[in-house]
file work_15.cif (mmCIF, C-alpha atoms)
data_final
loop_
_atom_site.label_atom_id
_atom_site.label_comp_id
_atom_site.auth_asym_id
_atom_site.auth_seq_id
_atom_site.Cartn_x
_atom_site.Cartn_y
_atom_site.Cartn_z
CA MET A 10 8.95 88.97 -14.11
CA THR A 11 8.76 86.36 -16.86
CA ARG A 12 7.79 83.70 -14.32
CA ARG A 13 5.09 85.96 -12.93
CA LEU A 14 3.66 86.58 -16.40
CA ALA A 15 3.60 82.85 -17.11
CA GLU A 16 1.91 81.93 -13.84
CA VAL A 17 -0.74 84.63 -14.14
CA ALA A 18 -1.39 83.77 -17.78
CA LYS A 19 -1.85 80.09 -16.91
CA LYS A 20 -4.16 80.93 -13.99
CA VAL A 21 -6.44 83.11 -16.12
CA GLY A 22 -6.14 81.15 -19.37
CA VAL A 23 -4.84 84.01 -21.51
CA SER A 24 -1.54 84.79 -23.22
CA GLU A 25 1.45 86.33 -21.48
CA ALA A 26 1.12 89.26 -23.86
CA THR A 27 -2.39 89.93 -22.56
CA VAL A 28 -1.15 89.84 -18.97
CA SER A 29 1.63 92.25 -19.90
CA ARG A 30 -0.88 94.66 -21.46
CA VAL A 31 -2.94 94.66 -18.26
CA LEU A 32 0.09 95.20 -16.01
CA ASN A 33 1.28 98.09 -18.16
CA GLY A 34 -2.14 99.72 -18.47
CA LYS A 35 -2.31 99.22 -22.24
CA PRO A 36 -5.65 99.26 -24.15
CA GLY A 37 -7.11 96.38 -26.12
CA VAL A 38 -8.11 94.16 -23.15
CA SER A 39 -11.71 93.62 -22.05
CA GLU A 40 -12.71 94.69 -18.55
CA ALA A 41 -13.55 91.09 -17.60
CA THR A 42 -10.08 89.90 -18.63
CA ARG A 43 -8.41 92.84 -16.89
CA GLN A 44 -10.22 92.05 -13.63
CA ALA A 45 -9.38 88.34 -13.98
CA VAL A 46 -5.66 89.16 -14.37
CA LEU A 47 -5.69 91.49 -11.35
CA SER A 48 -7.53 88.88 -9.26
CA ALA A 49 -5.00 86.25 -10.32
CA LEU A 50 -2.16 88.50 -9.13
CA ASP A 51 -3.85 88.72 -5.73
CA VAL A 52 -4.56 85.00 -5.54
CA LEU A 53 -0.98 84.08 -6.48
CA GLY A 54 0.42 86.48 -3.92
CA TYR A 55 2.03 88.98 -6.32
CA GLU A 56 1.87 92.71 -5.68
CA ARG A 57 -0.02 94.75 -8.21
CA PRO A 58 1.89 97.41 -10.12
CA THR A 59 1.75 100.69 -8.22
CA GLN A 60 -0.69 102.31 -10.63
CA LEU A 61 -3.12 99.38 -10.26
CA ARG A 62 -3.09 98.92 -6.51
CA GLY A 63 -5.63 101.43 -5.27
CA GLU A 64 -6.68 100.90 -1.69
CA ARG A 65 -7.21 97.23 -1.26
CA ALA A 66 -7.58 95.20 1.91
CA ARG A 67 -7.60 91.42 1.93
CA LEU A 68 -11.37 91.27 1.72
CA VAL A 69 -13.57 88.15 1.71
CA GLY A 70 -17.26 88.31 0.90
CA LEU A 71 -19.62 86.43 3.22
CA VAL A 72 -22.98 86.16 1.48
CA LEU A 73 -25.98 85.12 3.58
CA PRO A 74 -29.67 84.88 2.61
CA GLU A 75 -30.93 86.48 5.84
CA LEU A 76 -30.15 87.15 9.49
CA GLN A 77 -33.57 86.41 11.02
CA ASN A 78 -32.83 82.70 11.18
CA PRO A 79 -30.28 82.48 14.04
CA ILE A 80 -28.24 79.85 12.19
CA PHE A 81 -26.87 82.46 9.78
CA PRO A 82 -25.54 84.92 12.40
CA ALA A 83 -23.96 81.88 14.05
CA PHE A 84 -22.14 80.96 10.84
CA ALA A 85 -21.15 84.60 10.34
CA GLU A 86 -19.59 84.75 13.80
CA VAL A 87 -17.51 81.60 13.29
CA ILE A 88 -16.43 82.44 9.74
CA GLY A 89 -15.71 86.09 10.53
CA GLY A 90 -13.53 85.15 13.48
CA ALA A 91 -11.61 82.52 11.51
CA LEU A 92 -11.01 84.96 8.64
CA ALA A 93 -9.75 87.64 11.03
CA GLN A 94 -7.23 85.19 12.48
CA LEU A 95 -5.79 84.84 8.98
CA GLY A 96 -5.59 88.59 8.42
CA LEU A 97 -8.61 88.55 6.11
CA THR A 98 -11.48 91.03 6.46
CA PRO A 99 -15.04 89.68 6.07
CA VAL A 100 -17.55 91.76 4.11
CA LEU A 101 -21.05 90.73 5.24
CA CYS A 102 -23.64 90.68 2.43
CA THR A 103 -27.17 89.98 3.63
CA GLN A 104 -30.10 89.82 1.27
CA THR A 105 -33.44 91.43 2.04
CA LYS A 106 -36.75 91.08 0.24
CA GLY A 107 -36.88 93.67 -2.49
CA GLY A 108 -33.32 94.71 -1.72
CA VAL A 109 -29.90 93.90 -3.12
CA SER A 110 -29.80 90.48 -4.79
CA GLU A 111 -27.10 87.84 -4.50
CA ALA A 112 -25.97 88.66 -8.05
CA ASP A 113 -25.80 92.36 -7.15
CA TYR A 114 -23.61 91.55 -4.16
CA VAL A 115 -21.27 89.53 -6.37
CA GLU A 116 -20.88 92.53 -8.69
CA LEU A 117 -20.12 94.77 -5.71
CA LEU A 118 -17.61 92.30 -4.30
CA LEU A 119 -15.82 92.04 -7.64
CA GLN A 120 -15.59 95.82 -7.74
CA GLN A 121 -13.97 95.68 -4.30
CA GLN A 122 -11.45 93.16 -5.65
CA VAL A 123 -12.20 90.57 -2.98
CA SER A 124 -9.79 87.72 -2.39
CA GLY A 125 -12.61 85.18 -2.14
CA VAL A 126 -16.28 84.59 -1.33
CA VAL A 127 -18.09 82.26 1.09
CA PHE A 128 -21.77 81.57 0.42
CA ALA A 129 -24.02 80.06 3.11
CA GLY A 130 -27.53 78.99 2.19
CA GLY A 131 -27.61 80.86 -1.10
CA LEU A 132 -29.12 80.42 -4.54
CA PHE A 133 -26.55 77.68 -5.22
CA ALA A 134 -28.89 75.37 -3.26
CA GLN A 135 -31.91 76.06 -5.51
CA ALA A 136 -32.04 74.30 -8.86
CA ASP A 137 -34.51 76.77 -10.42
CA ALA A 138 -32.72 79.94 -9.28
CA PRO A 139 -30.39 82.04 -11.47
CA HIS A 140 -26.74 80.99 -11.26
CA ASP A 141 -24.93 83.21 -13.76
CA HIS A 142 -23.16 85.15 -11.00
CA TYR A 143 -21.44 81.95 -9.86
CA ARG A 144 -20.08 81.44 -13.37
CA LEU A 145 -18.81 85.03 -13.27
CA LEU A 146 -16.78 84.21 -10.16
CA ALA A 147 -15.47 81.01 -11.71
CA ASP A 148 -14.50 82.82 -14.92
CA ARG A 149 -12.45 85.30 -12.90
CA ASN A 150 -10.86 82.54 -10.83
CA ILE A 151 -12.14 83.97 -7.54
CA PRO A 152 -11.82 81.42 -4.72
CA VAL A 153 -15.30 80.32 -3.56
CA VAL A 154 -16.62 77.95 -0.89
CA LEU A 155 -20.27 76.93 -0.51
CA ILE A 156 -21.83 76.00 2.84
CA ASN A 157 -24.54 73.31 2.68
CA ALA A 158 -25.82 71.29 -0.23
CA ALA A 159 -25.46 72.79 -3.71
CA ILE A 160 -26.78 71.88 -7.12
CA ASP A 161 -24.44 69.90 -9.33
CA HIS A 162 -21.93 71.30 -11.80
CA LEU A 163 -21.09 74.64 -10.17
CA GLY A 164 -17.52 73.46 -9.70
CA PHE A 165 -16.84 74.89 -6.24
CA PRO A 166 -15.76 73.07 -3.06
CA GLY A 167 -18.39 72.84 -0.36
CA VAL A 168 -18.92 72.12 3.32
CA SER A 169 -22.23 70.52 4.30
CA CYS A 170 -24.04 68.99 7.20
CA ASP A 171 -25.20 65.50 6.21
CA ASP A 172 -28.93 65.98 5.54
CA ALA A 173 -29.57 62.26 5.16
CA VAL A 174 -28.06 61.42 8.56
CA ALA A 175 -30.01 64.30 10.14
CA VAL A 176 -33.33 62.90 8.95
CA GLU A 177 -32.35 59.35 9.88
CA GLN A 178 -31.61 60.49 13.43
CA ALA A 179 -34.88 62.40 13.74
CA TRP A 180 -36.95 59.60 12.17
CA ARG A 181 -35.47 56.90 14.39
CA HIS A 182 -36.07 59.07 17.45
CA LEU A 183 -39.75 59.52 16.63
CA ALA A 184 -40.16 55.86 15.67
CA SER A 185 -38.61 54.80 18.98
CA LEU A 186 -41.32 56.84 20.70
CA GLY A 187 -44.01 54.89 18.87
CA HIS A 188 -44.83 57.40 16.13
CA GLU A 189 -46.04 55.70 12.97
CA ARG A 190 -47.53 58.69 11.17
CA ILE A 191 -44.52 60.91 10.63
CA GLY A 192 -44.54 63.96 8.38
CA LEU A 193 -41.93 66.36 6.98
CA VAL A 194 -41.96 70.13 6.63
CA LEU A 195 -39.41 70.98 3.93
CA GLY A 196 -38.33 73.91 1.80
CA PRO A 197 -39.25 74.32 -1.90
CA ALA A 198 -39.03 71.35 -4.24
CA ASP A 199 -35.88 72.68 -5.96
CA HIS A 200 -34.04 73.16 -2.62
CA MET A 201 -31.17 70.65 -2.51
CA PRO A 202 -30.91 70.14 1.30
CA SER A 203 -34.68 69.52 1.39
CA ALA A 204 -34.42 67.07 -1.52
CA ARG A 205 -31.73 65.13 0.35
CA LYS A 206 -33.84 65.09 3.49
CA LEU A 207 -36.85 63.81 1.57
CA ALA A 208 -34.86 61.01 -0.10
CA ALA A 209 -33.54 59.91 3.30
CA ALA A 210 -37.01 59.93 4.84
CA ARG A 211 -38.45 57.83 2.03
CA ALA A 212 -35.70 55.30 2.64
CA MET A 213 -36.59 55.13 6.33
CA GLY A 214 -40.21 54.02 6.06
CA ASP A 215 -43.70 54.67 4.76
CA LEU A 216 -44.05 58.32 3.78
CA PRO A 217 -47.19 59.17 1.78
CA ASP A 218 -47.00 62.28 -0.39
CA ALA A 219 -49.70 63.83 1.79
CA ASN A 220 -47.27 63.69 4.72
CA VAL A 221 -44.76 65.97 2.99
CA ALA A 222 -45.48 69.70 3.19
CA ARG A 223 -43.47 72.46 1.50
CA ALA A 224 -42.94 75.91 2.99
CA MET A 225 -40.87 79.04 2.88
CA PHE A 226 -38.24 79.04 5.64
CA SER A 227 -40.08 81.02 8.32
CA ILE A 228 -42.24 80.52 11.40
CA GLU A 229 -45.29 81.44 9.33
CA GLY A 230 -44.35 78.94 6.65
CA GLY A 231 -43.93 76.21 9.26
CA HIS A 232 -47.30 77.07 10.78
CA ALA A 233 -49.13 76.73 7.46
CA ALA A 234 -47.33 73.54 6.42
CA ALA A 235 -47.71 71.81 9.79
CA THR A 236 -51.41 72.66 9.88
CA ARG A 237 -51.84 70.58 6.71
CA LEU A 238 -49.88 67.68 8.21
CA ILE A 239 -51.85 67.72 11.46
CA ASP A 240 -55.07 67.62 9.42
CA GLN A 241 -53.67 64.44 7.80
CA GLY A 242 -53.37 62.83 11.24
CA VAL A 243 -49.57 63.14 11.56
CA THR A 244 -48.34 62.82 15.17
CA GLY A 245 -44.60 63.40 14.61
CA ILE A 246 -43.23 66.25 12.49
CA ILE A 247 -39.64 66.60 11.25
CA CYS A 248 -38.79 70.13 10.10
CA ALA A 249 -36.00 71.38 7.83
CA SER A 250 -35.15 74.30 10.14
CA ASP A 251 -35.76 75.48 13.70
CA PRO A 252 -38.03 78.39 12.67
CA LEU A 253 -40.17 75.91 10.72
CA ALA A 254 -40.36 73.76 13.87
CA LEU A 255 -41.44 76.73 15.97
CA GLY A 256 -44.18 77.34 13.41
CA ALA A 257 -45.22 73.69 13.68
CA ILE A 258 -45.53 73.99 17.48
CA ARG A 259 -47.68 77.08 17.02
CA ALA A 260 -49.87 75.24 14.50
CA ALA A 261 -50.50 72.40 16.96
CA ARG A 262 -51.40 74.81 19.74
CA ARG A 263 -53.77 76.76 17.50
CA LYS A 264 -55.62 73.48 16.99
CA GLY A 265 -55.76 72.89 20.74
CA LEU A 266 -53.18 70.09 20.63
CA ASP A 267 -50.45 69.87 23.24
CA VAL A 268 -46.80 69.58 22.27
CA PRO A 269 -45.43 66.97 22.90
CA SER A 270 -48.27 64.81 24.31
CA ARG A 271 -50.37 65.02 21.12
CA VAL A 272 -47.87 66.17 18.51
CA SER A 273 -44.07 65.78 18.61
CA VAL A 274 -41.86 68.22 16.69
CA VAL A 275 -38.17 67.95 15.68
CA GLY A 276 -36.25 70.93 14.29
CA TYR A 277 -32.97 71.23 12.43
CA ASP A 278 -29.93 73.44 13.18
CA ASP A 279 -30.01 73.82 17.00
CA SER A 280 -29.75 77.56 16.55
CA ALA A 281 -29.65 80.07 19.40
CA PHE A 282 -32.29 79.92 22.15
CA MET A 283 -33.90 76.64 21.04
CA ASN A 284 -33.32 75.37 24.58
CA CYS A 285 -35.30 78.37 25.87
CA THR A 286 -38.52 77.81 23.92
CA GLU A 287 -41.63 76.29 25.49
CA PRO A 288 -41.26 73.40 25.29
CA PRO A 289 -37.49 73.34 24.62
CA LEU A 290 -37.03 72.15 21.04
CA THR A 291 -35.76 68.71 20.15
CA THR A 292 -33.58 69.35 17.10
CA VAL A 293 -30.70 68.08 15.00
CA ARG A 294 -27.58 70.16 15.56
CA GLN A 295 -25.35 71.31 12.74
CA PRO A 296 -21.67 71.43 13.78
CA ILE A 297 -21.41 75.14 12.97
CA GLU A 298 -17.96 75.69 14.47
CA ALA A 299 -16.33 72.81 12.59
CA MET A 300 -18.12 73.60 9.33
CA GLY A 301 -17.30 77.32 9.44
CA ARG A 302 -13.62 76.75 10.16
CA ALA A 303 -13.38 74.12 7.43
CA ALA A 304 -14.92 76.54 4.94
CA VAL A 305 -12.38 79.22 5.82
CA GLU A 306 -9.52 76.73 5.56
CA LEU A 307 -10.68 75.65 2.08
CA LEU A 308 -10.93 79.29 1.02
CA ASN A 309 -7.53 80.23 2.42
CA VAL A 310 -5.84 77.35 0.61
CA GLN A 311 -7.29 78.64 -2.66
CA ILE A 312 -6.26 82.21 -1.90
CA GLY A 313 -2.75 80.88 -1.40
CA GLY A 314 -2.77 79.58 -4.96
CA THR A 315 -3.45 75.88 -4.37
CA ALA A 316 -6.25 74.28 -6.37
CA VAL A 317 -8.98 72.59 -4.32
CA PRO A 318 -11.12 69.82 -5.86
CA PRO A 319 -14.80 70.79 -6.26
CA GLU A 320 -15.82 68.22 -3.69
CA GLU A 321 -18.18 68.34 -0.73
CA LEU A 322 -17.06 67.72 2.85
CA LEU A 323 -19.91 66.14 4.84
CA PHE A 324 -20.14 66.79 8.57
CA GLU A 325 -22.05 64.60 11.00
CA PRO A 326 -25.05 66.19 12.76
CA GLU A 327 -26.14 65.41 16.33
CA LEU A 328 -29.67 64.79 17.64
CA VAL A 329 -30.39 66.95 20.69
CA VAL A 330 -33.41 65.60 22.59
CA ARG A 331 -35.40 68.13 24.58
CA GLY A 332 -39.02 68.64 25.48
CA SER A 333 -40.86 68.87 22.14
CA THR A 334 -40.95 65.11 21.57
CA ALA A 335 -42.65 62.38 23.60
CA GLN A 336 -44.39 59.02 23.28
CA ALA A 337 -46.93 58.87 20.49
CA PRO A 338 -50.50 59.48 21.69
CA ARG A 339 -52.68 56.42 22.20
CA ILE A 340 -55.74 56.40 20.01
#

call {"tool": "encode", "arguments": {"input": "work_15.cif", "output": "structure tokens"}}
result
Amino acid sequence: MTRRLAEVAKKVGVSEATVSRVLNGKPGVSEATRQAVLSALDVLGYERPTQLRGERARLVGLVLPELQNPIFPAFAEVIGGALAQLGLTPVLCTQTKGGVSEADYVELLLQQQVSGVVFAGGLFAQADAPHDHYRLLADRNIPVVLINAAIDHLGFPGVSCDDAVAVEQAWRHLASLGHERIGLVLGPADHMPSARKLAAARAMGDLPDANVARAMFSIEGGHAAATRLIDQGVTGIICASDPLALGAIRAARRKGLDVPSRVSVVGYDDSAFMNCTEPPLTTVRQPIEAMGRAAVELLNVQIGGTAVPPEELLFEPELVVRGSTAQAPRI
């Protein structure tokens, strides 16, 4: 018992007396501290006292920004399966416009006494977004893993596809086809994966500011952004997601330009059905299976009580050449 008190106290950063008060249901402890102590018991593998157990499964939150982009259901399938193999139950939390926010989901997950949380493509990737709910998880010592590039200083381990390598592969592919006027369709300026992609593109060659268009991550956003690039005379377009690339193809067609003979388009993700589009989409594939399983492994190690450095594991993407890219048009 004494050893348990000491370990839990050290994990939470409180006194053994405080831990004892929580375990015995005594007053004088804040709700935040009480929840942190109970979470530490779970993380360290100790059983809660009978009166504090309730009905608790080994739950893990899986927080996604949306399900319309096929990449997120793909991650959910891999992560959910890997969690189930470990006896952990995923709780899918999907945001909708005007619906429950990421911070609201964190509050709900804490109420459910989750063993950990995996975020994929969340507000952690946006520098100007609110981040207080991440600090709340850190303060309560809840194991967390982030999938894809995050802002600095959050202090969580992460698993990312290498955005710089992805752009280098796409840029070299278009350049090898004779494209000299290459443009980028990226997410918002504060979006970390987009920032990494932009830095890599600038290192590859001449990239005027006019050849960089920002958009929301949707087909409609890609359409609007690519229209601006085509008006600038761009012949090769690298997009930060497959839906953006589909929007770029639609933009070219609306202007009466054939893809790929007049405009070449490269996507990012290689999400479901991109080989079934017309033309089939050339894209840069994220290694979803490897990334998802690595994220679950990092989370499970933390749930088992082992500290994990807040470092980022970078996974190599793969260029998949299909029918949306071709030789640059002769002018």

call {"tool": "closest_residue", "arguments": {"input": "work_15.cif", "among": "A:Leu195, A:Ala134, A:Ala18, A:Arg43", "to": "Gly167 in chain A", "atoms": "only C-alpha atoms"}}
result
A:Ala134

call {"tool": "residues_around", "arguments": {"input": "work_15.cif", "residues": "Ala335 in chain A", "least_positions_apart": "5", "cutoff": "10 Å", "atoms": "all atoms listed in the file", "output": "list in words"}}
result
His182, Leu183, Ser185, Leu186, Gly187, His188, Gly245, Val268, Pro269, Ser270, Arg271, Val272, Ser273, Val274, Thr291 and Val330 of chain A

call {"tool": "resolve_selection", "arguments": {"input": "work_15.cif", "expression": "the PyMOL selection byres ((chain A and resi 235) around 12)", "output": "ChimeraX atom specification"}}
result
/A:191-195,219-224,228-234,236-249,253-264,272-275

call {"tool": "atom_distance", "arguments": {"input": "work_15.cif", "atom1": "CA of Pro74 in chain A", "atom2": "CA of Glu321 in chain A"}}
result
20.4 Å

call {"tool": "closest_residue", "arguments": {"input": "work_15.cif", "among": "A:Leu290, A:Leu92, A:Ala337, A:Ala303", "to": "Pro166 in chain A", "atoms": "all atoms listed in the file"}}
result
A:Ala303

call {"tool": "closest_residue", "arguments": {"input": "work_15.cif", "among": "A:Thr292, A:Ser227, A:His200, A:Asp148", "to": "Lys20 in chain A", "atoms": "all atoms listed in the file"}}
result
A:Asp148

call {"tool": "closest_residue", "arguments": {"input": "work_15.cif", "among": "A:Val174, A:Val293, A:Ile160, A:Ala304", "to": "Gly89 in chain A", "atoms": "all atoms listed in the file"}}
result
A:Ala304

call {"tool": "closest_residue", "arguments": {"input": "work_15.cif", "among": "A:Ser203, A:Asn150, A:Ser333, A:Thr105", "to": "Gln311 in chain A", "atoms": "only C-alpha atoms"}}
result
A:Asn150

call {"tool": "atom_distance", "arguments": {"input": "work_15.cif", "atom1": "CA of Asn78 in chain A", "atom2": "CA of Pro252 in chain A"}}
result
6.9 Å

call {"tool": "closest_residue", "arguments": {"input": "work_15.cif", "among": "A:Thr334, A:Gln121, A:Ser29, A:Thr315", "to": "Gly276 in chain A", "atoms": "all atoms listed in the file"}}
result
A:Thr334

call {"tool": "residues_around", "arguments": {"input": "work_15.cif", "residues": "Val28 in chain A", "least_positions_apart": "6", "cutoff": "12 Å", "atoms": "all atoms listed in the file", "output": "number ranges by chain"}}
result
A: 10-22, 34-39, 42-50, 57

call {"tool": "atom_distance", "arguments": {"input": "work_15.cif", "atom1": "CA of Ala159 in chain A", "atom2": "CA of Lys206 in chain A"}}
result
13.5 Å

call {"tool": "resolve_selection", "arguments": {"input": "work_15.cif", "expression": "the PyMOL selection byres ((chain A and resi 99) around 8)", "output": "ChimeraX atom specification"}}
result
/A:68-71,89,92-93,97-98,100-101

call {"tool": "resolve_selection", "arguments": {"input": "work_15.cif", "expression": "the PyMOL selection byres ((chain A and resi 128) around 8)", "output": "JSON, numbers by chain"}}
result
{"A": [71, 72, 73, 126, 127, 129, 130, 131, 153, 154, 155, 156]}

call {"tool": "write_last_selection", "arguments": {"input": "work_15.cif", "atoms": "C-alpha atoms", "output": "short mmCIF file (atom, residue, chain, number, x, y, z; two decimals), in the frame of the given file"}}
result
data_model
loop_
_atom_site.label_atom_id
_atom_site.label_comp_id
_atom_site.auth_asym_id
_atom_site.auth_seq_id
_atom_site.Cartn_x
_atom_site.Cartn_y
_atom_site.Cartn_z
CA LEU A 71 -19.62 86.43 3.22
CA VAL A 72 -22.98 86.16 1.48
CA LEU A 73 -25.98 85.12 3.58
CA VAL A 126 -16.28 84.59 -1.33
CA VAL A 127 -18.09 82.26 1.09
CA ALA A 129 -24.02 80.06 3.11
CA GLY A 130 -27.53 78.99 2.19
CA GLY A 131 -27.61 80.86 -1.10
CA VAL A 153 -15.30 80.32 -3.56
CA VAL A 154 -16.62 77.95 -0.89
CA LEU A 155 -20.27 76.93 -0.51
CA ILE A 156 -21.83 76.00 2.84
#

call {"tool": "axis_aligned_box", "arguments": {"input": "work_15.cif", "around": "range 148-166 of chain A", "padding_each_side": "6 Å", "output": "AutoDock Vina command-line options"}}
result
--center_x -18.8 --center_y 77.6 --center_z -6.0 --size_x 27.9 --size_y 27.4 --size_z 29.8

call {"tool": "residues_around", "arguments": {"input": "work_15.cif", "residues": "range 279-287 of chain A", "least_positions_apart": "4", "cutoff": "7 Å", "atoms": "only C-alpha atoms", "output": "JSON, numbers by chain"}}
result
{"A": [79, 80, 251, 292, 293, 294, 295]}

call {"tool": "decode", "arguments": {"input": "work_15.cif", "residues": "range 177-193 of chain A", "atoms": "N, CA, C and O atoms", "output": "PDB file, in the first residue's frame"}}
result
ATOM      1  N   GLU A 177       9.010  16.884 -51.854  1.00  0.00           N
ATOM      2  CA  GLU A 177      10.179  16.642 -52.715  1.00  0.00           C
ATOM      3  C   GLU A 177       9.862  15.598 -53.782  1.00  0.00           C
ATOM      4  O   GLU A 177      10.222  15.761 -54.954  1.00  0.00           O
ATOM      5  N   GLN A 178       9.178  14.530 -53.388  1.00  0.00           N
ATOM      6  CA  GLN A 178       8.818  13.492 -54.360  1.00  0.00           C
ATOM      7  C   GLN A 178       7.884  14.047 -55.432  1.00  0.00           C
ATOM      8  O   GLN A 178       8.065  13.799 -56.630  1.00  0.00           O
ATOM      9  N   ALA A 179       6.879  14.784 -55.019  1.00  0.00           N
ATOM     10  CA  ALA A 179       5.908  15.336 -55.973  1.00  0.00           C
ATOM     11  C   ALA A 179       6.565  16.362 -56.893  1.00  0.00           C
ATOM     12  O   ALA A 179       6.325  16.369 -58.114  1.00  0.00           O
ATOM     13  N   TRP A 180       7.410  17.220 -56.317  1.00  0.00           N
ATOM     14  CA  TRP A 180       8.067  18.273 -57.109  1.00  0.00           C
ATOM     15  C   TRP A 180       9.006  17.653 -58.152  1.00  0.00           C
ATOM     16  O   TRP A 180       8.981  18.044 -59.327  1.00  0.00           O
ATOM     17  N   ARG A 181       9.805  16.693 -57.715  1.00  0.00           N
ATOM     18  CA  ARG A 181      10.734  16.055 -58.656  1.00  0.00           C
ATOM     19  C   ARG A 181       9.979  15.347 -59.779  1.00  0.00           C
ATOM     20  O   ARG A 181      10.427  15.336 -60.936  1.00  0.00           O
ATOM     21  N   HIS A 182       8.855  14.742 -59.441  1.00  0.00           N
ATOM     22  CA  HIS A 182       8.045  14.060 -60.453  1.00  0.00           C
ATOM     23  C   HIS A 182       7.564  15.058 -61.502  1.00  0.00           C
ATOM     24  O   HIS A 182       7.715  14.818 -62.716  1.00  0.00           O
ATOM     25  N   LEU A 183       7.015  16.183 -61.072  1.00  0.00           N
ATOM     26  CA  LEU A 183       6.528  17.171 -62.026  1.00  0.00           C
ATOM     27  C   LEU A 183       7.679  17.789 -62.822  1.00  0.00           C
ATOM     28  O   LEU A 183       7.560  18.007 -64.033  1.00  0.00           O
ATOM     29  N   ALA A 184       8.786  18.048 -62.145  1.00  0.00           N
ATOM     30  CA  ALA A 184       9.947  18.624 -62.846  1.00  0.00           C
ATOM     31  C   ALA A 184      10.479  17.664 -63.898  1.00  0.00           C
ATOM     32  O   ALA A 184      10.893  18.081 -64.996  1.00  0.00           O
ATOM     33  N   SER A 185      10.459  16.373 -63.591  1.00  0.00           N
ATOM     34  CA  SER A 185      10.943  15.383 -64.567  1.00  0.00           C
ATOM     35  C   SER A 185      10.050  15.327 -65.802  1.00  0.00           C
ATOM     36  O   SER A 185      10.492  14.878 -66.869  1.00  0.00           O
ATOM     37  N   LEU A 186       8.813  15.780 -65.649  1.00  0.00           N
ATOM     38  CA  LEU A 186       7.879  15.820 -66.776  1.00  0.00           C
ATOM     39  C   LEU A 186       7.951  17.149 -67.527  1.00  0.00           C
ATOM     40  O   LEU A 186       7.164  17.389 -68.451  1.00  0.00           O
ATOM     41  N   GLY A 187       8.876  18.005 -67.126  1.00  0.00           N
ATOM     42  CA  GLY A 187       9.081  19.266 -67.832  1.00  0.00           C
ATOM     43  C   GLY A 187       8.311  20.449 -67.278  1.00  0.00           C
ATOM     44  O   GLY A 187       8.351  21.539 -67.851  1.00  0.00           O
ATOM     45  N   HIS A 188       7.651  20.285 -66.146  1.00  0.00           N
ATOM     46  CA  HIS A 188       6.893  21.395 -65.564  1.00  0.00           C
ATOM     47  C   HIS A 188       7.843  22.380 -64.885  1.00  0.00           C
ATOM     48  O   HIS A 188       8.646  21.999 -64.034  1.00  0.00           O
ATOM     49  N   GLU A 189       7.746  23.629 -65.264  1.00  0.00           N
ATOM     50  CA  GLU A 189       8.563  24.683 -64.666  1.00  0.00           C
ATOM     51  C   GLU A 189       7.739  25.622 -63.801  1.00  0.00           C
ATOM     52  O   GLU A 189       8.261  26.231 -62.874  1.00  0.00           O
ATOM     53  N   ARG A 190       6.466  25.716 -64.105  1.00  0.00           N
ATOM     54  CA  ARG A 190       5.568  26.574 -63.317  1.00  0.00           C
ATOM     55  C   ARG A 190       4.705  25.673 -62.442  1.00  0.00           C
ATOM     56  O   ARG A 190       3.645  25.214 -62.847  1.00  0.00           O
ATOM     57  N   ILE A 191       5.228  25.430 -61.250  1.00  0.00           N
ATOM     58  CA  ILE A 191       4.580  24.518 -60.307  1.00  0.00           C
ATOM     59  C   ILE A 191       3.971  25.330 -59.175  1.00  0.00           C
ATOM     60  O   ILE A 191       4.592  26.267 -58.663  1.00  0.00           O
ATOM     61  N   GLY A 192       2.754  24.974 -58.794  1.00  0.00           N
ATOM     62  CA  GLY A 192       2.076  25.664 -57.702  1.00  0.00           C
ATOM     63  C   GLY A 192       1.660  24.707 -56.600  1.00  0.00           C
ATOM     64  O   GLY A 192       1.626  23.482 -56.796  1.00  0.00           O
ATOM     65  N   LEU A 193       1.342  25.268 -55.437  1.00  0.00           N
ATOM     66  CA  LEU A 193       0.927  24.464 -54.279  1.00  0.00           C
ATOM     67  C   LEU A 193      -0.453  24.908 -53.801  1.00  0.00           C
ATOM     68  O   LEU A 193      -0.730  26.110 -53.727  1.00  0.00           O
TER      69      LEU A 193
END
